[in-house]
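Asker: Contents are PDB, C-alpha atoms, pLDDT in the B column; file name target-v1.pdb:
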ATOM      1  CA  MET A   1     -13.101 -24.963 -33.826  1.00 92.00           C
ATOM      2  CA  LYS A   2     -11.742 -24.619 -37.352  1.00 97.00           C
ATOM      3  CA  THR A   3      -9.605 -21.728 -38.569  1.00 98.00           C
ATOM      4  CA  ILE A   4     -10.392 -20.400 -42.042  1.00 98.00           C
ATOM      5  CA  ILE A   5      -8.269 -17.951 -44.030  1.00 98.00           C
ATOM      6  CA  VAL A   6     -10.342 -15.555 -46.105  1.00 98.00           C
ATOM      7  CA  ILE A   7      -8.532 -13.440 -48.671  1.00 98.00           C
ATOM      8  CA  GLY A   8     -10.560 -10.318 -49.442  1.00 96.00           C
ATOM      9  CA  GLY A   9     -13.135 -10.496 -46.658  1.00 94.00           C
ATOM     10  CA  SER A  10     -13.792  -6.790 -46.190  1.00 92.00           C
ATOM     11  CA  LYS A  11     -16.513  -6.269 -48.796  1.00 92.00           C
ATOM     12  CA  GLY A  12     -19.208  -8.006 -50.795  1.00 94.00           C
ATOM     13  CA  ILE A  13     -19.264 -11.798 -50.846  1.00 96.00           C
ATOM     14  CA  GLY A  14     -16.060 -11.951 -48.785  1.00 96.00           C
ATOM     15  CA  LYS A  15     -17.534  -9.894 -45.952  1.00 96.00           C
ATOM     16  CA  ALA A  16     -20.760 -11.914 -45.996  1.00 96.00           C
ATOM     17  CA  LEU A  17     -18.654 -15.081 -45.807  1.00 97.00           C
ATOM     18  CA  VAL A  18     -16.603 -13.801 -42.865  1.00 97.00           C
ATOM     19  CA  LYS A  19     -19.828 -13.047 -40.967  1.00 96.00           C
ATOM     20  CA  LYS A  20     -21.156 -16.528 -41.727  1.00 97.00           C
ATOM     21  CA  LEU A  21     -17.920 -18.287 -40.787  1.00 98.00           C
ATOM     22  CA  LEU A  22     -17.696 -16.452 -37.472  1.00 97.00           C
ATOM     23  CA  THR A  23     -20.812 -18.268 -36.288  1.00 96.00           C
ATOM     24  CA  HIS A  24     -18.758 -21.438 -35.959  1.00 97.00           C
ATOM     25  CA  SER A  25     -15.069 -20.830 -36.834  1.00 97.00           C
ATOM     26  CA  LYS A  26     -12.066 -18.640 -36.265  1.00 98.00           C
ATOM     27  CA  VAL A  27     -11.421 -16.399 -39.246  1.00 97.00           C
ATOM     28  CA  ILE A  28      -8.191 -14.836 -40.456  1.00 97.00           C
ATOM     29  CA  ASN A  29      -9.052 -12.101 -42.938  1.00 97.00           C
ATOM     30  CA  ILE A  30      -6.402 -10.742 -45.287  1.00 97.00           C
ATOM     31  CA  SER A  31      -7.392  -7.690 -47.311  1.00 96.00           C
ATOM     32  CA  ARG A  32      -6.507  -4.109 -48.193  1.00 92.00           C
ATOM     33  CA  SER A  33      -9.121  -2.754 -45.779  1.00 88.00           C
ATOM     34  CA  LYS A  34     -10.498  -3.971 -42.475  1.00 84.00           C
ATOM     35  CA  PRO A  35     -14.033  -5.365 -42.503  1.00 82.00           C
ATOM     36  CA  ASN A  36     -16.531  -3.427 -40.431  1.00 84.00           C
ATOM     37  CA  LEU A  37     -16.833  -6.344 -38.046  1.00 84.00           C
ATOM     38  CA  THR A  38     -15.785  -6.928 -34.452  1.00 84.00           C
ATOM     39  CA  HIS A  39     -15.490 -10.443 -33.092  1.00 90.00           C
ATOM     40  CA  ASN A  40     -13.163 -12.266 -30.697  1.00 92.00           C
ATOM     41  CA  ASN A  41     -12.540 -14.955 -33.312  1.00 96.00           C
ATOM     42  CA  LEU A  42     -11.646 -12.531 -36.110  1.00 96.00           C
ATOM     43  CA  THR A  43      -8.030 -11.612 -36.911  1.00 96.00           C
ATOM     44  CA  HIS A  44      -7.283  -9.106 -39.630  1.00 96.00           C
ATOM     45  CA  TYR A  45      -4.111  -8.481 -41.628  1.00 96.00           C
ATOM     46  CA  TYR A  46      -3.752  -5.491 -43.937  1.00 96.00           C
ATOM     47  CA  CYS A  47      -2.300  -6.724 -47.205  1.00 95.00           C
ATOM     48  CA  ASN A  48      -2.525  -6.142 -50.953  1.00 95.00           C
ATOM     49  CA  VAL A  49      -2.279  -9.743 -52.063  1.00 95.00           C
ATOM     50  CA  THR A  50      -0.919  -9.022 -55.529  1.00 92.00           C
ATOM     51  CA  GLN A  51       1.838  -6.695 -54.269  1.00 94.00           C
ATOM     52  CA  ASP A  52       2.667  -7.400 -50.619  1.00 94.00           C
ATOM     53  CA  GLU A  53       4.176 -10.316 -48.769  1.00 96.00           C
ATOM     54  CA  LEU A  54       1.437 -12.426 -47.234  1.00 98.00           C
ATOM     55  CA  PRO A  55       1.490 -12.769 -43.424  1.00 97.00           C
ATOM     56  CA  GLU A  56       2.782 -15.874 -41.713  1.00 97.00           C
ATOM     57  CA  ILE A  57      -0.004 -18.092 -40.395  1.00 97.00           C
ATOM     58  CA  ASN A  58       0.651 -21.226 -38.380  1.00 95.00           C
ATOM     59  CA  GLN A  59      -2.737 -22.918 -38.420  1.00 96.00           C
ATOM     60  CA  ALA A  60      -5.547 -23.157 -40.964  1.00 98.00           C
ATOM     61  CA  ASP A  61      -8.184 -25.654 -42.028  1.00 98.00           C
ATOM     62  CA  GLY A  62      -9.492 -23.807 -45.057  1.00 98.00           C
ATOM     63  CA  LEU A  63      -8.733 -21.059 -47.559  1.00 98.00           C
ATOM     64  CA  VAL A  64     -11.223 -18.958 -49.523  1.00 98.00           C
ATOM     65  CA  TYR A  65      -9.918 -16.535 -52.139  1.00 98.00           C
ATOM     66  CA  CYS A  66     -12.489 -13.810 -52.820  1.00 97.00           C
ATOM     67  CA  PRO A  67     -10.773 -10.950 -54.712  1.00 95.00           C
ATOM     68  CA  GLY A  68     -12.030 -10.305 -58.222  1.00 90.00           C
ATOM     69  CA  ASN A  69     -13.058  -7.540 -60.553  1.00 91.00           C
ATOM     70  CA  ILE A  70     -15.586  -6.777 -63.253  1.00 87.00           C
ATOM     71  CA  ASN A  71     -13.836  -5.338 -66.287  1.00 90.00           C
ATOM     72  CA  LEU A  72     -16.460  -5.218 -69.035  1.00 91.00           C
ATOM     73  CA  LYS A  73     -15.236  -3.631 -72.260  1.00 93.00           C
ATOM     74  CA  PRO A  74     -15.347  -4.316 -75.991  1.00 96.00           C
ATOM     75  CA  ILE A  75     -12.300  -6.253 -77.134  1.00 95.00           C
ATOM     76  CA  THR A  76     -11.179  -3.184 -79.104  1.00 95.00           C
ATOM     77  CA  SER A  77     -11.102  -1.146 -75.873  1.00 95.00           C
ATOM     78  CA  LEU A  78      -9.049  -3.694 -73.952  1.00 95.00           C
ATOM     79  CA  ASN A  79      -5.272  -3.698 -74.053  1.00 95.00           C
ATOM     80  CA  ILE A  80      -2.775  -6.272 -72.889  1.00 96.00           C
ATOM     81  CA  LYS A  81      -2.340  -4.424 -69.585  1.00 96.00           C
ATOM     82  CA  ASP A  82      -6.055  -4.951 -68.883  1.00 95.00           C
ATOM     83  CA  PHE A  83      -5.692  -8.697 -69.326  1.00 96.00           C
ATOM     84  CA  ILE A  84      -2.537  -8.775 -67.191  1.00 97.00           C
ATOM     85  CA  HIS A  85      -4.209  -6.730 -64.439  1.00 96.00           C
ATOM     86  CA  ASP A  86      -7.294  -8.976 -64.381  1.00 96.00           C
ATOM     87  CA  PHE A  87      -5.102 -12.094 -64.416  1.00 97.00           C
ATOM     88  CA  GLU A  88      -3.054 -10.819 -61.484  1.00 97.00           C
ATOM     89  CA  ILE A  89      -6.119 -10.146 -59.340  1.00 96.00           C
ATOM     90  CA  ASN A  90      -8.105 -13.262 -60.148  1.00 97.00           C
ATOM     91  CA  VAL A  91      -5.540 -15.976 -60.871  1.00 98.00           C
ATOM     92  CA  LEU A  92      -2.058 -15.030 -59.687  1.00 98.00           C
ATOM     93  CA  GLY A  93      -3.375 -13.738 -56.358  1.00 97.00           C
ATOM     94  CA  ALA A  94      -5.086 -17.071 -55.812  1.00 98.00           C
ATOM     95  CA  VAL A  95      -1.967 -19.011 -56.795  1.00 98.00           C
ATOM     96  CA  LYS A  96       0.205 -16.869 -54.526  1.00 98.00           C
ATOM     97  CA  SER A  97      -2.152 -17.428 -51.576  1.00 98.00           C
ATOM     98  CA  ILE A  98      -2.389 -21.165 -52.151  1.00 98.00           C
ATOM     99  CA  GLN A  99       1.372 -21.568 -52.446  1.00 98.00           C
ATOM    100  CA  LYS A 100       1.915 -19.535 -49.283  1.00 98.00           C
ATOM    101  CA  TYR A 101      -0.479 -21.500 -47.089  1.00 98.00           C
ATOM    102  CA  LEU A 102      -0.437 -24.951 -48.644  1.00 98.00           C
ATOM    103  CA  HIS A 103       1.934 -26.398 -46.049  1.00 97.00           C
ATOM    104  CA  VAL A 104      -0.317 -25.080 -43.270  1.00 98.00           C
ATOM    105  CA  LEU A 105      -3.491 -26.417 -44.874  1.00 98.00           C
ATOM    106  CA  LYS A 106      -1.965 -29.876 -45.291  1.00 97.00           C
ATOM    107  CA  LYS A 107      -1.739 -30.080 -41.485  1.00 97.00           C
ATOM    108  CA  GLY A 108      -5.313 -28.858 -40.995  1.00 97.00           C
ATOM    109  CA  HIS A 109      -8.498 -30.722 -40.137  1.00 97.00           C
ATOM    110  CA  ASN A 110     -10.222 -31.893 -43.356  1.00 97.00           C
ATOM    111  CA  PRO A 111      -8.750 -28.914 -45.252  1.00 98.00           C
ATOM    112  CA  ALA A 112     -10.455 -27.333 -48.246  1.00 98.00           C
ATOM    113  CA  ILE A 113      -9.916 -24.488 -50.703  1.00 98.00           C
ATOM    114  CA  VAL A 114     -12.712 -22.498 -52.341  1.00 98.00           C
ATOM    115  CA  LEU A 115     -12.157 -20.162 -55.299  1.00 98.00           C
ATOM    116  CA  PHE A 116     -14.517 -18.085 -57.446  1.00 98.00           C
ATOM    117  CA  SER A 117     -15.182 -18.358 -61.155  1.00 97.00           C
ATOM    118  CA  SER A 118     -18.025 -16.786 -63.170  1.00 96.00           C
ATOM    119  CA  VAL A 119     -20.988 -17.820 -65.305  1.00 95.00           C
ATOM    120  CA  ALA A 120     -19.145 -15.982 -68.110  1.00 94.00           C
ATOM    121  CA  THR A 121     -16.913 -19.032 -68.643  1.00 95.00           C
ATOM    122  CA  LYS A 122     -19.938 -21.066 -69.787  1.00 93.00           C
ATOM    123  CA  LEU A 123     -22.227 -18.417 -71.272  1.00 90.00           C
ATOM    124  CA  GLY A 124     -20.697 -16.255 -73.976  1.00 92.00           C
ATOM    125  CA  MET A 125     -21.621 -12.629 -73.354  1.00 89.00           C
ATOM    126  CA  PRO A 126     -20.461  -9.443 -75.084  1.00 93.00           C
ATOM    127  CA  PHE A 127     -17.743  -7.393 -73.375  1.00 94.00           C
ATOM    128  CA  HIS A 128     -16.713 -10.283 -71.082  1.00 94.00           C
ATOM    129  CA  THR A 129     -13.574 -11.401 -72.946  1.00 95.00           C
ATOM    130  CA  SER A 130     -11.112 -10.499 -70.209  1.00 95.00           C
ATOM    131  CA  ILE A 131     -13.057 -11.705 -67.188  1.00 94.00           C
ATOM    132  CA  ALA A 132     -14.176 -14.888 -68.962  1.00 96.00           C
ATOM    133  CA  THR A 133     -10.573 -15.625 -69.919  1.00 97.00           C
ATOM    134  CA  VAL A 134      -9.145 -15.212 -66.421  1.00 97.00           C
ATOM    135  CA  LYS A 135     -12.005 -17.082 -64.740  1.00 97.00           C
ATOM    136  CA  ALA A 136     -11.459 -19.963 -67.136  1.00 97.00           C
ATOM    137  CA  GLY A 137      -7.944 -19.978 -65.707  1.00 97.00           C
ATOM    138  CA  ILE A 138      -9.416 -20.339 -62.227  1.00 98.00           C
ATOM    139  CA  GLU A 139     -11.443 -23.340 -63.360  1.00 98.00           C
ATOM    140  CA  GLY A 140      -8.342 -24.999 -64.790  1.00 98.00           C
ATOM    141  CA  LEU A 141      -6.515 -24.287 -61.546  1.00 98.00           C
ATOM    142  CA  VAL A 142      -9.307 -25.877 -59.507  1.00 98.00           C
ATOM    143  CA  LYS A 143      -9.348 -29.099 -61.485  1.00 98.00           C
ATOM    144  CA  SER A 144      -5.587 -29.533 -61.689  1.00 98.00           C
ATOM    145  CA  LEU A 145      -4.962 -28.599 -58.067  1.00 98.00           C
ATOM    146  CA  ALA A 146      -7.775 -30.851 -56.844  1.00 98.00           C
ATOM    147  CA  ALA A 147      -6.133 -33.795 -58.616  1.00 98.00           C
ATOM    148  CA  GLU A 148      -2.714 -32.903 -57.237  1.00 98.00           C
ATOM    149  CA  MET A 149      -3.911 -32.397 -53.665  1.00 98.00           C
ATOM    150  CA  ALA A 150      -6.225 -35.418 -53.401  1.00 98.00           C
ATOM    151  CA  PRO A 151      -6.919 -36.985 -50.996  1.00 97.00           C
ATOM    152  CA  VAL A 152      -5.555 -34.425 -48.523  1.00 98.00           C
ATOM    153  CA  ILE A 153      -7.078 -31.100 -49.619  1.00 98.00           C
ATOM    154  CA  ARG A 154     -10.391 -30.577 -51.416  1.00 98.00           C
ATOM    155  CA  VAL A 155     -10.536 -27.802 -54.028  1.00 98.00           C
ATOM    156  CA  ASN A 156     -13.762 -26.407 -55.492  1.00 98.00           C
ATOM    157  CA  ALA A 157     -15.083 -23.194 -57.010  1.00 98.00           C
ATOM    158  CA  ILE A 158     -18.321 -21.259 -57.184  1.00 98.00           C
ATOM    159  CA  ALA A 159     -19.311 -19.562 -60.441  1.00 97.00           C
ATOM    160  CA  PRO A 160     -21.936 -16.944 -59.539  1.00 96.00           C
ATOM    161  CA  THR A 161     -24.133 -14.885 -61.807  1.00 95.00           C
ATOM    162  CA  VAL A 162     -24.582 -11.159 -61.139  1.00 91.00           C
ATOM    163  CA  THR A 163     -24.441 -10.545 -57.396  1.00 93.00           C
ATOM    164  CA  ASN A 164     -25.749  -7.467 -55.620  1.00 90.00           C
ATOM    165  CA  THR A 165     -22.448  -6.128 -54.300  1.00 85.00           C
ATOM    166  CA  GLN A 166     -20.593  -2.826 -54.458  1.00 81.00           C
ATOM    167  CA  LEU A 167     -18.376  -4.360 -57.139  1.00 80.00           C
ATOM    168  CA  ALA A 168     -21.408  -4.846 -59.406  1.00 79.00           C
ATOM    169  CA  GLN A 169     -22.872  -1.372 -58.988  1.00 82.00           C
ATOM    170  CA  LYS A 170     -21.568  -0.247 -62.381  1.00 79.00           C
ATOM    171  CA  ILE A 171     -23.744  -2.968 -63.894  1.00 82.00           C
ATOM    172  CA  LEU A 172     -26.705  -2.549 -61.542  1.00 86.00           C
ATOM    173  CA  ARG A 173     -26.780   1.198 -62.038  1.00 83.00           C
ATOM    174  CA  SER A 174     -30.520   1.740 -62.496  1.00 84.00           C
ATOM    175  CA  GLU A 175     -33.816   0.105 -61.599  1.00 87.00           C
ATOM    176  CA  LYS A 176     -34.545  -0.557 -65.272  1.00 88.00           C
ATOM    177  CA  ILE A 177     -31.231  -2.329 -65.815  1.00 89.00           C
ATOM    178  CA  ILE A 178     -31.751  -4.398 -62.665  1.00 90.00           C
ATOM    179  CA  GLU A 179     -35.212  -5.365 -63.902  1.00 92.00           C
ATOM    180  CA  ASN A 180     -33.858  -6.393 -67.317  1.00 90.00           C
ATOM    181  CA  ILE A 181     -31.027  -8.459 -65.843  1.00 90.00           C
ATOM    182  CA  THR A 182     -33.378 -10.085 -63.339  1.00 94.00           C
ATOM    183  CA  ASN A 183     -35.822 -11.067 -66.083  1.00 93.00           C
ATOM    184  CA  ARG A 184     -33.029 -12.760 -68.058  1.00 92.00           C
ATOM    185  CA  HIS A 185     -32.686 -15.315 -65.264  1.00 94.00           C
ATOM    186  CA  PRO A 186     -35.249 -18.150 -65.206  1.00 95.00           C
ATOM    187  CA  LEU A 187     -35.641 -17.731 -61.438  1.00 95.00           C
ATOM    188  CA  LYS A 188     -36.308 -14.005 -61.988  1.00 95.00           C
ATOM    189  CA  LYS A 189     -33.707 -12.949 -59.470  1.00 95.00           C
ATOM    190  CA  ILE A 190     -30.049 -12.133 -59.078  1.00 92.00           C
ATOM    191  CA  LEU A 191     -27.841 -13.213 -56.213  1.00 95.00           C
ATOM    192  CA  GLU A 192     -27.341 -11.603 -52.841  1.00 95.00           C
ATOM    193  CA  PRO A 193     -23.852 -11.931 -51.304  1.00 96.00           C
ATOM    194  CA  GLU A 194     -25.282 -13.816 -48.313  1.00 97.00           C
ATOM    195  CA  GLU A 195     -26.523 -16.583 -50.628  1.00 97.00           C
ATOM    196  CA  VAL A 196     -23.084 -17.098 -52.127  1.00 97.00           C
ATOM    197  CA  ALA A 197     -21.515 -16.946 -48.655  1.00 98.00           C
ATOM    198  CA  ILE A 198     -23.777 -19.739 -47.429  1.00 98.00           C
ATOM    199  CA  PHE A 199     -22.654 -21.975 -50.280  1.00 98.00           C
ATOM    200  CA  ALA A 200     -18.966 -21.121 -49.810  1.00 98.00           C
ATOM    201  CA  ASP A 201     -19.339 -21.916 -46.112  1.00 98.00           C
ATOM    202  CA  PHE A 202     -20.899 -25.242 -47.088  1.00 98.00           C
ATOM    203  CA  LEU A 203     -18.039 -26.122 -49.449  1.00 98.00           C
ATOM    204  CA  ILE A 204     -15.379 -25.334 -46.848  1.00 97.00           C
ATOM    205  CA  SER A 205     -17.146 -27.453 -44.224  1.00 97.00           C
ATOM    206  CA  ASP A 206     -16.910 -31.141 -43.373  1.00 96.00           C
ATOM    207  CA  ASN A 207     -20.336 -31.622 -44.967  1.00 96.00           C
ATOM    208  CA  THR A 208     -18.745 -31.708 -48.436  1.00 97.00           C
ATOM    209  CA  MET A 209     -15.919 -34.150 -47.885  1.00 96.00           C
ATOM    210  CA  SER A 210     -16.897 -36.072 -51.040  1.00 97.00           C
ATOM    211  CA  LEU A 211     -16.697 -33.024 -53.331  1.00 98.00           C
ATOM    212  CA  THR A 212     -13.525 -31.874 -55.045  1.00 98.00           C
ATOM    213  CA  GLY A 213     -12.516 -30.538 -58.444  1.00 98.00           C
ATOM    214  CA  GLN A 214     -16.002 -29.128 -59.025  1.00 98.00           C
ATOM    215  CA  ILE A 215     -17.262 -25.825 -60.420  1.00 98.00           C
ATOM    216  CA  PHE A 216     -20.677 -25.018 -58.980  1.00 98.00           C
ATOM    217  CA  HIS A 217     -22.822 -22.608 -60.984  1.00 96.00           C
ATOM    218  CA  MET A 218     -24.980 -20.334 -58.864  1.00 97.00           C
ATOM    219  CA  ASP A 219     -26.700 -18.961 -61.945  1.00 95.00           C
ATOM    220  CA  CYS A 220     -30.414 -18.670 -61.077  1.00 96.00           C
ATOM    221  CA  GLY A 221     -30.877 -20.947 -64.106  1.00 95.00           C
ATOM    222  CA  LEU A 222     -29.174 -18.562 -66.553  1.00 94.00           C
ATOM    223  CA  VAL A 223     -26.627 -20.979 -68.031  1.00 93.00           C
ATOM    224  CA  THR A 224     -28.572 -24.250 -67.984  1.00 88.00           C
ATOM    225  CA  LEU A 225     -32.189 -23.271 -68.652  1.00 92.00           C
ATOM    226  CA  LYS A 226     -34.076 -21.561 -71.442  1.00 84.00           C
ATOM    227  CA  ILE A 227     -37.649 -20.668 -70.611  1.00 84.00           C
TER
END
Rewrite the structure of this file - the entire thing - as structure tokens.
Answerer:
Amino acid sequence: MKTIIVIGGSKGIGKALVKKLLTHSKVINISRSKPNLTHNNLTHYYCNVTQDELPEINQADGLVYCPGNINLKPITSLNIKDFIHDFEINVLGAVKSIQKYLHVLKKGHNPAIVLFSSVATKLGMPFHTSIATVKAGIEGLVKSLAAEMAPVIRVNAIAPTVTNTQLAQKILRSEKIIENITNRHPLKKILEPEEVAIFADFLISDNTMSLTGQIFHMDCGLVTLKI
């Protein structure tokens, strides 16, 4: 049975992923709050990844970094501290986690790393300057790290469109807004966290041993199609 480290598995996509992984793997969740889950194969560590020392872990076959934020503001309303804050959560937290557990992953069984980008890196949208900038950093990290770690560790990322999580509630704040956003997508839907979790689970598994250095767009057709 594999052991997967999930950073930020208490809410949203991270929690959905922990639930999915527990059907076949041991999970070590590291987050600021404990997920509302009880399972013999689940270990939880309280930790603020950007501020605290990460716990020592002796065995792992995969790492998924889930923390992120949605900071949508006009460029004139953003200051440098906003960019630094978003960079710390999305990029530096991922780097810190990877550096901490890289030596453990190298000893794992077909190890893999999965990170999260955003459709905003490919589709220019108003008020997304900060999040698009930091997620572009994630994509650069994925490609460079995948080259550096090959053939030992696979590194990929998922770039989702709007996902129905607590984090996105400021965007999905009314039925009319949800309808408008849904209709912008060619598949006439937005994502549910369970959908993204299924794909992350797939990428961390042995079924994707030929995939590395890739950014997979779960966009419901938003970026690639015009209908």
Asker: List the residues selected by the PyMOL selection byres ((chain A and resi 39-43) around 12) in the file shown, writing them as a count of residues only.
Answerer: 34
Asker: For CA of Lys73 in chain A and CA of Thr50 in chain A, determine how far apart the two atoms are, in Å to one decimal place.
Answerer: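 So the two atoms, CA of Lys73 in chain A and CA of Thr50 in chain A, lie 22.7 Å apart.
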Asker: Take CA of Leu105 in chain A and CA of Leu63 in chain A and report the distance between them in Å, one decimal.
Answerer: 8.0 Å
Asker: Figure out the distance between CA of Val196 in chain A and CA of Asn183 in chain A, please, to one decimal in Å.
Answerer: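 CA of Asn183 in chain A sits 19.8 Å away from CA of Val196 in chain A.
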Asker: Taking 4 positions as the minimum chain separation for residues in the same chain, which residues sit within 8 Å of Thr133 in chain A when counting all atoms listed in the file? Answer as a PyMOL selection string.
Answerer: chain A and resi 121+129+137
Asker: Using the chain letters and numbers from this file, what does the PyMOL selection byres ((chain A and resi 109) around 10) select? Give the answer as a PyMOL selection string.
Answerer: chain A and resi 1-3+59-62+105-108+110-112+152-153+206
Asker: Which of these, A:Leu72, A:Ile80, A:Leu211, A:Leu92, has the shortest distance to Ile131 in chain A once you count all atoms listed in the file?
Answerer: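 Using all atoms listed in the file, Ile131 in chain A sits closest to A:Leu72.
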Asker: With only C-alpha atoms counted and 7 Å as the cut-off, give the residues of range 154-198 of chain A in contact with range 213-217 of chain A, each with its shortest interatomic distance in Å and the pair that gives it, as a Markdown table.
Answerer:
| residue | atom | partner | partner_atom | distance |
| --- | --- | --- | --- | --- |
| A:Val155 | CA | A:Gly213 | CA | 5.6 |
| A:Asn156 | CA | A:Gln214 | CA | 5.0 |
| A:Ala157 | CA | A:Ile215 | CA | 4.8 |
| A:Ile158 | CA | A:Phe216 | CA | 4.8 |
| A:Ala159 | CA | A:His217 | CA | 4.7 |
| A:Pro160 | CA | A:His217 | CA | 5.9 |
Asker: Go through A:Ile70, A:Lys100, A:Gly124, A:Leu115 one by one, measure the shortest atom-to-atom distance of each to Ile171 in chain A using only C-alpha atoms, and give the residue with the smallest value.
Answerer: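 Nearest candidate to Ile171 in chain A out of A:Ile70, A:Lys100, A:Gly124, A:Leu115: A:Ile70.
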Asker: For the structure provided, state which residues fall under the PyMOL selection byres ((chain A and resi 223) around 8), and present them as a list in words.
Answerer: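 When the PyMOL selection byres ((chain A and resi 223) around 8) is applied, the selected residues are Val119, Lys122, Leu123, Asp219, Gly221, Leu222, Thr224 and Leu225 of chain A.
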Asker: Counting only C-alpha atoms, find residues at most 6 Å from (-33.6, -17.1, -65.7) (file frame) and give them as JSON, numbers by chain.
Answerer: {"A": [184, 185, 186, 187, 188, 220, 221, 222]}
Asker: Mind listing whatever residues come within 9 Å of the point (-12.9, -5.0, -75.1)? Use all atoms listed in the file, file coordinates, and give them as a PyMOL selection string.
Answerer: chain A and resi 71-79+126-130
Asker: Those selected residues, please, written with C-alpha atoms and delivered as a short mmCIF file (atom, residue, chain, number, x, y, z; two decimals), in the frame of the given file.
Answerer:
data_model
loop_
_atom_site.label_atom_id
_atom_site.label_comp_id
_atom_site.auth_asym_id
_atom_site.auth_seq_id
_atom_site.Cartn_x
_atom_site.Cartn_y
_atom_site.Cartn_z
CA ASN A 71 -13.84 -5.34 -66.29
CA LEU A 72 -16.46 -5.22 -69.04
CA LYS A 73 -15.24 -3.63 -72.26
CA PRO A 74 -15.35 -4.32 -75.99
CA ILE A 75 -12.30 -6.25 -77.13
CA THR A 76 -11.18 -3.18 -79.10
CA SER A 77 -11.10 -1.15 -75.87
CA LEU A 78 -9.05 -3.69 -73.95
CA ASN A 79 -5.27 -3.70 -74.05
CA PRO A 126 -20.46 -9.44 -75.08
CA PHE A 127 -17.74 -7.39 -73.38
CA HIS A 128 -16.71 -10.28 -71.08
CA THR A 129 -13.57 -11.40 -72.95
CA SER A 130 -11.11 -10.50 -70.21
#
Asker: For Ala147 in chain A, which residue out of A:Phe116, A:Phe199, A:Asn207, A:Thr212 is the nearest one, using all atoms listed in the file?
Answerer: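 Looking at the shortest contact to Ala147 in chain A, the residue is A:Thr212.
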Asker: Which is closer to Val142 in chain A than all the others in A:Ile84, A:His103, A:Val95, A:Asn164, using all atoms listed in the file?
Answerer: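 Of the candidates, the smallest distance to Val142 in chain A is held by A:Val95.
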